[in-house]
$ cat query-v3.tsv   # TSV, C-alpha atoms
chain	number	residue	atom	x	y	z
A	278	MET	CA	-24.80	20.03	3.32
A	279	LYS	CA	-21.57	21.93	2.85
A	280	ARG	CA	-18.32	20.09	2.18
A	281	LEU	CA	-14.84	21.08	1.11
A	282	LEU	CA	-13.45	19.71	-2.16
A	283	VAL	CA	-9.97	19.94	-3.59
A	284	THR	CA	-10.64	20.39	-7.31
A	285	GLY	CA	-7.05	20.64	-8.54
A	286	ALA	CA	-3.59	21.81	-7.59
A	287	LYS	CA	-4.08	24.54	-4.94
A	288	GLN	CA	-7.75	24.84	-5.86
A	289	VAL	CA	-10.49	24.30	-3.28
A	290	ALA	CA	-14.21	25.00	-3.22
A	291	PHE	CA	-17.30	24.27	-1.16
A	292	ASP	CA	-20.20	22.47	-2.74
A	293	GLU	CA	-23.71	21.56	-1.60
A	294	ALA	CA	-23.96	17.79	-1.34
A	295	GLU	CA	-26.81	15.52	-0.37
A	296	GLN	CA	-26.81	14.73	3.31
A	297	PRO	CA	-25.62	11.16	3.82
A	298	LEU	CA	-27.95	8.23	4.33
A	299	CYS	CA	-27.48	6.02	7.38
A	300	SER	CA	-26.94	2.33	6.70
A	301	ASP	CA	-27.80	-0.34	9.26
A	302	ASP	CA	-24.24	-0.53	10.65
A	303	ALA	CA	-23.41	3.17	10.51
A	304	VAL	CA	-24.08	6.46	12.24
A	305	VAL	CA	-24.55	9.97	10.88
A	306	MET	CA	-22.80	12.71	12.82
A	307	ARG	CA	-23.02	16.48	12.59
A	308	ALA	CA	-19.64	18.21	12.73
A	309	GLU	CA	-18.75	20.60	15.52
A	310	LEU	CA	-15.01	20.76	14.78
A	311	THR	CA	-12.61	19.31	12.23
A	312	ALA	CA	-8.80	19.58	12.24
A	313	ILE	CA	-6.23	20.03	9.49
A	314	SER	CA	-3.60	17.31	9.17
A	315	THR	CA	-1.08	19.71	7.71
A	316	GLY	CA	1.25	17.20	6.06
A	317	THR	CA	-1.26	14.92	4.33
A	318	GLU	CA	-3.80	17.62	3.54
A	319	LEU	CA	-1.24	20.00	2.06
A	320	ARG	CA	0.10	17.22	-0.17
A	321	VAL	CA	-3.44	16.66	-1.47
A	322	TYR	CA	-3.98	20.43	-1.78
A	323	ARG	CA	-0.83	20.60	-3.90
A	324	ALA	CA	-2.03	17.59	-5.96
A	325	ILE	CA	1.09	15.53	-5.26
A	326	PRO	CA	0.63	11.75	-5.68
A	327	VAL	CA	2.23	9.27	-3.29
A	328	ASP	CA	3.83	7.21	-6.07
A	329	GLU	CA	6.24	8.02	-8.88
A	330	ALA	CA	3.79	6.86	-11.55
A	331	GLY	CA	1.18	9.31	-10.30
A	332	GLN	CA	-1.56	6.69	-9.85
A	333	PHE	CA	-2.40	7.09	-6.17
A	334	LEU	CA	-3.50	10.04	-4.06
A	335	HIS	CA	-3.25	7.99	-0.87
A	336	GLU	CA	-1.90	4.51	-0.17
A	337	ARG	CA	-4.81	2.73	-1.88
A	338	VAL	CA	-6.84	5.65	-3.28
A	339	PRO	CA	-6.64	6.51	-7.02
A	340	PHE	CA	-5.25	9.91	-8.00
A	341	GLN	CA	-8.30	11.86	-9.11
A	342	PHE	CA	-10.08	15.15	-8.44
A	343	PRO	CA	-12.32	16.56	-7.08
A	344	THR	CA	-11.75	14.91	-3.73
A	345	GLU	CA	-12.64	15.48	-0.11
A	346	ASN	CA	-9.78	16.22	2.29
A	347	GLY	CA	-9.14	15.64	5.98
A	348	TYR	CA	-9.71	12.84	8.48
A	349	SER	CA	-10.51	14.40	11.87
A	350	MET	CA	-14.02	15.25	13.11
A	351	VAL	CA	-15.72	15.75	16.46
A	352	GLY	CA	-19.48	16.03	16.44
A	353	GLN	CA	-22.81	14.80	17.66
A	354	VAL	CA	-24.57	11.63	16.54
A	355	VAL	CA	-27.84	12.58	14.84
A	356	GLU	CA	-28.87	9.20	13.42
A	357	VAL	CA	-27.98	5.57	14.10
A	358	GLY	CA	-28.44	2.47	11.98
A	359	ALA	CA	-30.84	-0.31	12.90
A	360	HIS	CA	-28.03	-2.65	14.01
A	361	VAL	CA	-26.04	-0.12	16.04
A	362	LYS	CA	-25.95	-0.55	19.82
A	363	SER	CA	-22.60	1.03	20.74
A	364	VAL	CA	-23.66	4.69	20.39
A	365	GLY	CA	-26.90	6.62	20.45
A	366	VAL	CA	-28.40	9.82	19.13
A	367	GLY	CA	-26.95	12.80	21.00
A	368	ASP	CA	-23.62	11.13	21.84
A	369	ARG	CA	-20.48	13.22	21.37
A	370	VAL	CA	-18.06	11.26	19.19
A	371	PHE	CA	-14.90	11.37	17.11
A	372	ALA	CA	-14.51	9.86	13.65
A	373	ALA	CA	-11.91	9.98	10.88
A	374	ALA	CA	-14.08	12.08	8.56
A	375	ALA	CA	-13.33	14.87	6.07
A	376	HIS	CA	-14.14	18.58	6.27
A	377	LYS	CA	-17.94	18.67	5.87
A	378	GLU	CA	-21.08	19.29	7.88
A	379	PHE	CA	-22.36	15.73	8.14
A	380	ALA	CA	-20.58	12.40	7.86
A	381	ALA	CA	-21.87	8.84	7.67
A	382	VAL	CA	-19.30	6.49	9.19
A	383	PRO	CA	-19.24	2.83	10.25
A	384	ALA	CA	-20.30	2.59	13.88
A	385	GLU	CA	-17.29	0.41	14.69
A	386	SER	CA	-14.94	3.27	13.72
A	387	VAL	CA	-16.61	5.86	15.98
A	388	THR	CA	-15.06	6.77	19.33
A	389	ARG	CA	-17.31	7.98	22.12
A	390	LEU	CA	-15.74	10.85	24.03
A	391	PRO	CA	-15.76	11.38	27.78
A	392	ASP	CA	-16.90	14.79	29.00
A	393	SER	CA	-13.44	15.44	30.46
A	394	ILE	CA	-11.83	15.83	27.00
A	395	PRO	CA	-12.48	19.24	25.38
A	396	ASP	CA	-13.63	19.20	21.76
A	397	ASP	CA	-10.49	20.96	20.51
A	398	GLU	CA	-8.28	18.25	22.02
A	399	ALA	CA	-10.53	15.37	20.98
A	400	VAL	CA	-10.51	16.49	17.33
A	401	MET	CA	-6.75	15.82	17.25
A	402	LEU	CA	-7.27	12.11	17.91
A	403	SER	CA	-6.37	10.78	14.43
A	404	ILE	CA	-3.29	13.02	14.24
A	405	LEU	CA	-2.22	11.95	17.72
A	406	GLU	CA	-2.64	8.34	16.70
A	407	VAL	CA	-0.25	8.78	13.76
A	408	ALA	CA	2.36	9.68	16.36
A	409	HIS	CA	1.27	6.92	18.74
A	410	LYS	CA	1.67	4.27	16.03
A	411	ALA	CA	5.11	5.63	15.19
A	412	LEU	CA	6.18	5.49	18.82
A	413	ARG	CA	5.06	1.85	19.03
A	414	GLN	CA	7.01	1.07	15.85
A	415	GLY	CA	10.16	2.62	17.30
A	416	ASN	CA	9.53	0.79	20.59
A	417	PRO	CA	11.89	2.78	22.83
A	418	PRO	CA	12.38	0.94	26.14
A	419	ALA	CA	12.00	2.70	29.47
A	420	GLY	CA	14.78	5.20	30.06
A	421	SER	CA	15.46	5.76	26.36
A	422	ASN	CA	16.92	8.84	24.72
A	423	VAL	CA	14.45	10.02	22.06
A	424	ALA	CA	15.02	12.57	19.30
A	425	ILE	CA	12.27	14.01	17.12
A	426	VAL	CA	13.17	15.84	13.91
A	427	GLY	CA	10.34	18.03	12.68
A	428	GLN	CA	7.78	19.77	14.87
A	429	GLY	CA	4.67	19.88	12.76
A	430	VAL	CA	1.48	18.47	14.25
A	431	VAL	CA	2.76	14.88	14.12
A	432	GLY	CA	6.19	15.75	15.54
A	433	LEU	CA	4.59	17.79	18.33
A	434	SER	CA	2.24	14.88	19.01
A	435	LEU	CA	5.23	12.54	19.25
A	436	LEU	CA	6.75	14.92	21.76
A	437	ALA	CA	3.57	14.90	23.85
A	438	TYR	CA	3.67	11.08	24.06
A	439	ALA	CA	7.41	11.07	24.80
A	440	VAL	CA	6.87	13.47	27.71
A	441	ALA	CA	3.87	11.48	28.98
A	442	PHE	CA	5.90	8.25	28.90
A	443	GLY	CA	8.93	9.82	30.58
A	444	PHE	CA	11.57	9.64	27.84
A	445	ARG	CA	14.52	12.03	27.77
A	446	THR	CA	13.66	13.95	24.61
A	447	ALA	CA	15.35	16.38	22.22
A	448	VAL	CA	13.54	17.96	19.28
A	449	LEU	CA	14.94	19.69	16.19
A	450	ASP	CA	13.13	22.09	13.88
A	451	VAL	CA	14.11	25.15	11.84
A	452	SER	CA	11.14	27.21	13.07
A	453	PRO	CA	11.59	29.33	16.23
A	454	GLU	CA	7.80	29.32	16.68
A	455	ARG	CA	7.60	25.55	16.64
A	456	LEU	CA	10.60	25.23	18.97
A	457	GLU	CA	8.87	27.50	21.48
A	458	ILE	CA	5.76	25.29	21.38
A	459	SER	CA	8.04	22.28	21.91
A	460	ARG	CA	9.48	23.86	25.05
A	461	GLN	CA	5.97	24.52	26.35
A	462	LEU	CA	5.13	20.86	25.74
A	463	GLY	CA	8.11	19.78	27.83
A	464	ALA	CA	11.03	19.09	25.47
A	465	GLN	CA	14.28	18.97	27.41
A	466	LEU	CA	16.11	20.38	24.39
A	467	ALA	CA	14.58	22.24	21.45
A	468	VAL	CA	17.11	23.42	18.88
A	469	SER	CA	17.39	24.23	15.19
A	470	PRO	CA	19.52	21.70	13.26
A	471	SER	CA	21.17	24.67	11.55
A	472	ALA	CA	22.26	26.25	14.84
A	473	GLU	CA	25.98	26.14	15.61
A	474	GLY	CA	26.75	23.14	17.80
A	475	ALA	CA	23.21	21.68	17.52
A	476	LEU	CA	24.44	18.09	17.22
A	477	ASP	CA	26.76	18.57	20.20
A	478	GLN	CA	23.83	19.87	22.27
A	479	VAL	CA	21.82	16.75	21.49
A	480	LEU	CA	24.74	14.48	22.31
A	481	ASP	CA	25.37	16.36	25.56
A	482	LEU	CA	21.76	15.80	26.62
A	483	PHE	CA	22.14	12.11	25.84
A	484	ASP	CA	25.48	11.73	27.72
A	485	GLY	CA	27.38	11.46	24.44
A	486	GLU	CA	25.54	8.31	23.40
A	487	GLY	CA	23.10	9.69	20.84
A	488	ALA	CA	19.42	8.84	20.57
A	489	ASP	CA	18.25	5.29	21.09
A	490	VAL	CA	15.32	6.05	18.80
A	491	ALA	CA	14.91	9.04	16.49
A	492	PHE	CA	11.72	9.97	14.65
A	493	GLU	CA	11.70	11.86	11.36
A	494	ALA	CA	8.45	13.83	11.05
A	495	ALA	CA	9.36	16.60	8.60
A	496	SER	CA	8.80	14.91	5.22
A	497	HIS	CA	12.19	16.10	3.98
A	498	TRP	CA	15.31	14.04	3.34
A	499	SER	CA	17.50	16.56	5.17
A	500	ALA	CA	15.46	15.68	8.27
A	501	VAL	CA	16.16	11.97	7.71
A	502	ARG	CA	19.85	12.80	7.54
A	503	THR	CA	19.63	14.79	10.79
A	504	ALA	CA	17.81	11.91	12.48
A	505	MET	CA	20.53	9.50	11.39
A	506	GLU	CA	23.23	11.89	12.62
A	507	VAL	CA	21.78	12.19	16.14
A	508	THR	CA	21.09	8.45	16.55
A	509	GLY	CA	23.63	6.33	18.40
A	510	ILE	CA	25.15	2.99	17.44
A	511	ASP	CA	22.56	0.20	17.03
A	512	GLY	CA	19.81	2.81	17.30
A	513	THR	CA	16.55	3.03	15.36
A	514	VAL	CA	15.34	5.74	13.00
A	515	VAL	CA	11.58	5.75	12.38
A	516	LEU	CA	10.40	7.42	9.17
A	517	VAL	CA	7.00	8.81	10.10
A	518	SER	CA	6.47	11.16	7.17
A	519	ARG	CA	5.75	10.18	3.59
A	520	HIS	CA	8.45	11.25	1.12
A	521	THR	CA	7.68	12.05	-2.51
A	522	ALA	CA	11.18	13.28	-3.41
A	523	THR	CA	14.46	11.36	-3.73
A	524	PRO	CA	17.25	11.71	-1.14
A	525	GLY	CA	20.09	14.14	-1.68
A	526	PHE	CA	22.54	12.10	0.39
A	527	ASN	CA	23.71	8.50	0.70
A	528	PRO	CA	21.89	6.88	3.65
A	529	ALA	CA	24.18	3.85	3.40
A	530	GLY	CA	27.39	5.89	3.30
A	531	HIS	CA	29.73	7.19	5.98
A	532	PRO	CA	29.11	7.55	8.89
A	533	TYR	CA	25.67	5.93	8.82
A	534	LEU	CA	26.61	2.40	7.75
A	535	GLY	CA	29.07	2.07	10.63
A	536	LYS	CA	26.33	2.84	13.17
A	537	ARG	CA	24.35	-0.33	12.33
A	538	LEU	CA	21.17	1.74	12.26
A	539	ASN	CA	17.72	0.25	11.92
A	540	LEU	CA	15.57	2.29	9.51
A	541	VAL	CA	11.87	1.48	9.79
A	542	THR	CA	8.68	2.96	8.39
A	543	THR	CA	5.35	3.28	10.12
A	544	TYR	CA	1.84	3.11	8.66
A	545	ASP	CA	-1.57	1.92	9.85
A	546	TYR	CA	-2.39	-0.35	12.79
A	547	PRO	CA	-1.47	-4.00	13.31
A	548	SER	CA	-4.22	-6.57	12.89
A	549	VAL	CA	-7.21	-6.99	15.20
A	550	GLY	CA	-6.19	-8.97	18.28
A	551	HIS	CA	-2.72	-7.44	18.42
A	552	ARG	CA	-1.90	-5.80	21.74
A	553	TRP	CA	-1.86	-2.38	20.06
A	554	SER	CA	-4.60	-2.78	17.49
A	555	ARG	CA	-6.62	0.31	16.59
A	556	HIS	CA	-9.19	-0.18	19.36
A	557	ARG	CA	-6.59	-0.55	22.11
A	558	SER	CA	-4.31	2.19	20.81
A	559	VAL	CA	-7.11	4.76	20.52
A	560	GLY	CA	-8.44	3.69	23.90
A	561	LEU	CA	-5.13	4.48	25.56
A	562	THR	CA	-4.91	7.90	23.90
A	563	VAL	CA	-8.46	8.75	25.01
A	564	ASP	CA	-7.58	7.67	28.55
A	565	LEU	CA	-4.39	9.76	28.59
A	566	LEU	CA	-6.29	12.82	27.36
A	567	ALA	CA	-9.10	12.26	29.86
A	568	ARG	CA	-6.61	12.06	32.75
A	569	GLN	CA	-4.70	15.08	31.38
A	570	GLN	CA	-1.49	13.08	31.11
A	571	LEU	CA	-1.17	13.75	27.38
A	572	LYS	CA	-0.75	17.51	27.29
A	573	ILE	CA	-1.29	18.99	23.84
A	574	ARG	CA	-2.86	22.41	24.45
A	575	PRO	CA	0.22	24.50	23.48
A	576	MET	CA	0.10	23.03	19.96
A	577	LEU	CA	-3.52	24.16	19.40
A	578	THR	CA	-2.51	27.48	17.89
A	579	HIS	CA	-5.24	28.49	15.41
A	580	ARG	CA	-9.01	28.28	14.92
A	581	PHE	CA	-10.80	29.04	11.66
A	582	SER	CA	-14.41	29.18	10.55
A	583	TRP	CA	-15.29	26.57	7.93
A	584	ARG	CA	-15.62	29.45	5.48
A	585	ASP	CA	-11.91	30.21	5.94
A	586	LEU	CA	-10.61	26.73	5.16
A	587	PRO	CA	-9.29	27.84	1.74
A	588	GLU	CA	-7.43	30.69	3.44
A	589	ALA	CA	-5.99	28.31	6.03
A	590	TYR	CA	-4.67	26.05	3.26
A	591	ARG	CA	-3.20	29.05	1.45
A	592	ARG	CA	-1.36	30.25	4.55
A	593	LEU	CA	-0.03	26.79	5.31
A	594	ASP	CA	1.06	26.32	1.70
A	595	GLN	CA	2.98	29.59	1.88
A	596	GLY	CA	4.88	28.30	4.91
A	597	GLU	CA	3.30	30.15	7.81
A	598	ARG	CA	5.15	28.33	10.57
A	599	SER	CA	3.25	29.92	13.44
A	600	ILE	CA	0.32	27.64	12.57
A	601	ALA	CA	0.69	24.27	14.27
A	602	ALA	CA	-2.69	22.64	14.90
A	603	ALA	CA	-5.44	24.37	12.91
A	604	ILE	CA	-8.99	23.65	14.10
A	605	ILE	CA	-12.06	24.32	11.97
A	606	GLU	CA	-15.37	25.41	13.53
A	607	TRP	CA	-18.60	24.27	11.86
A	608	ASP	CA	-21.14	26.09	14.03
A	609	GLY	CA	-22.92	29.27	12.92
A	610	SER	CA	-26.17	30.56	11.51
A	611	GLU	CA	-25.58	29.05	8.06
A	612	ARG	CA	-25.43	25.47	9.28
A	613	SER	CA	-27.63	23.15	7.24
A	614	PRO	CA	-30.44	21.37	9.11
A	615	LEU	CA	-30.56	17.57	9.19
A	616	THR	CA	-33.24	16.33	6.84
A	617	SER	CA	-34.83	12.94	7.15

$ encode --input "query-v3.tsv" --output "structure tokens"
Amino acid sequence: MKRLLVTGAKQVAFDEAEQPLCSDDAVVMRAELTAISTGTELRVYRAIPVDEAGQFLHERVPFQFPTENGYSMVGQVVEVGAHVKSVGVGDRVFAAAAHKEFAAVPAESVTRLPDSIPDDEAVMLSILEVAHKALRQGNPPAGSNVAIVGQGVVGLSLLAYAVAFGFRTAVLDVSPERLEISRQLGAQLAVSPSAEGALDQVLDLFDGEGADVAFEAASHWSAVRTAMEVTGIDGTVVLVSRHTATPGFNPAGHPYLGKRLNLVTTYDYPSVGHRWSRHRSVGLTVDLLARQQLKIRPMLTHRFSWRDLPEAYRRLDQGERSIAAAIIEWDGSERSPLTS
């Protein structure tokens, strides 16, 4: 089977790997679509570790190459393990799998997809869930003012949830293309933080009070600063993006300390049994997509053949801001057959 490997800094290649075996508690799925998580995948593409010592590529994954990349796949189940009862051969499913033709994944981590969700929306499920977890961490009550700084795929996903849940929402991004997508998704204010009077526009939308909760989804300390500036007294700033640089400002200086801000980070799901554990959180997102209450289509801007994945990475690395959600197609005459 074909799979994408990052072999070094800004170096990618396809190799021919053995098709995965199916253990008793797993399923094997054949990819139809995968999606690029632009923040995480570009960091891996650039060979940037998550820690200062350079030991980890991800939270608990050692820093070493070559490595697979990506965590979003929609496909069809082609084999099930002897102990699996939850899905069957032929089912259309989502799993957090990398860019490759076939993936073997634990059956408990597979999500069956209703027919009412198109493949290109379903493949965004993991990326949407990054935003969903962040929203739960920020916990804005009904009627809240919400600000989102950064309109990459996670920031746009946060906006989609904020609109679905009825929050008054302002977004900030330096890209005119991303701001236009934000308006299509339903942002009540979409403005560049560098525009004259941008902060005043946000405060005007929020009746002079500032945001109750602001989300930083740009992976840049200037975005954290903007989020802290637009948040009101006793508000919360949620750091959604991972930062590998050091801040260029004093987050405990004036005027931030006097606001009594709560700065929180978000990562992973709470434990099984929690009200918003992985199973329940994903279930709600699937339901919202199925009922067309979570509207994400304007952010689905680009589709690439699997052969063009290296080119997609190159364009994203060079800062092509017109690309929001990039979806990878795995169909075609060169698809490998499943061998038993």

$ atom_distance --input "query-v3.tsv" --atom1 "atom CA of A:Glu329" --atom2 "atom CA of A:Thr523"
10.3 Å

$ closest_residue --input "query-v3.tsv" --among "A:Leu565, A:Leu334, A:Ala522, A:Leu586" --to "A:Val289" --atoms "all atoms listed in the file"
A:Leu586

$ residues_around --input "query-v3.tsv" --residues "A:Leu435" --least-positions-apart "4" --cutoff "10 Å" --atoms "only C-alpha atoms" --output "PyMOL selection string"
chain A and resi 404-412+423-425+427-431+439-441+448+492+494

$ closest_residue --input "query-v3.tsv" --among "A:Gly331, A:Asp477, A:Leu482, A:His520" --to "A:Trp498" --atoms "all atoms listed in the file"
A:His520

$ closest_residue --input "query-v3.tsv" --among "A:Gly474, A:Pro297, A:Gly535, A:Gly463" --to "A:Leu571" --atoms "only C-alpha atoms"
A:Gly463

$ closest_residue --input "query-v3.tsv" --among "A:Ala495, A:Arg323, A:Trp583, A:Arg413" --to "A:Phe291" --atoms "all atoms listed in the file"
A:Trp583

$ atom_distance --input "query-v3.tsv" --atom1 "atom CA of A:Pro383" --atom2 "atom CA of A:Val304"
6.4 Å

$ closest_residue --input "query-v3.tsv" --among "A:Ile313, A:Phe581, A:Gln569, A:Gly432" --to "A:Leu456" --atoms "all atoms listed in the file"
A:Gly432

$ atom_distance --input "query-v3.tsv" --atom1 "atom CA of A:Gly509" --atom2 "atom CA of A:Gln414"
17.6 Å

$ closest_residue --input "query-v3.tsv" --among "A:Pro470, A:Ala312, A:Ile394, A:Glu345" --to "A:Ala589" --atoms "all atoms listed in the file"
A:Ala312

$ residues_around --input "query-v3.tsv" --residues "stretch 555-558 of chain A" --least-positions-apart "2" --cutoff "8 Å" --atoms "all atoms listed in the file" --output "PyMOL selection string"
chain A and resi 406+409-410+546-547+549+552-553+560-562

$ residues_around --input "query-v3.tsv" --residues "A:Val426" --least-positions-apart "6" --cutoff "12 Å" --atoms "only C-alpha atoms" --output "PyMOL selection string"
chain A and resi 432-433+435-436+446-452+455-456+459+466-470+476+479+488+490-508+514-518

$ residues_around --input "query-v3.tsv" --residues "A:Ala359" --least-positions-apart "2" --cutoff "12 Å" --atoms "only C-alpha atoms" --output "VMD selection string"
chain A and resid 299 to 304 356 to 357 361 to 365 384

$ residues_near_point --input "query-v3.tsv" --point "(-8.0, 15.2, 15.2)" --cutoff "9 Å" --atoms "only C-alpha atoms" --output "list in words"
Leu310, Thr311, Ala312, Ile313, Ser314, Tyr348, Ser349, Met350, Val351, Phe371, Ala372, Ala373, Asp397, Glu398, Ala399, Val400, Met401, Leu402, Ser403, Ile404, Leu405, Glu406 and Ile604 of chain A

$ residues_around --input "query-v3.tsv" --residues "A:Leu577" --least-positions-apart "5" --cutoff "7 Å" --atoms "only C-alpha atoms" --output "MDAnalysis selection string"
chainID A and resid 601:603
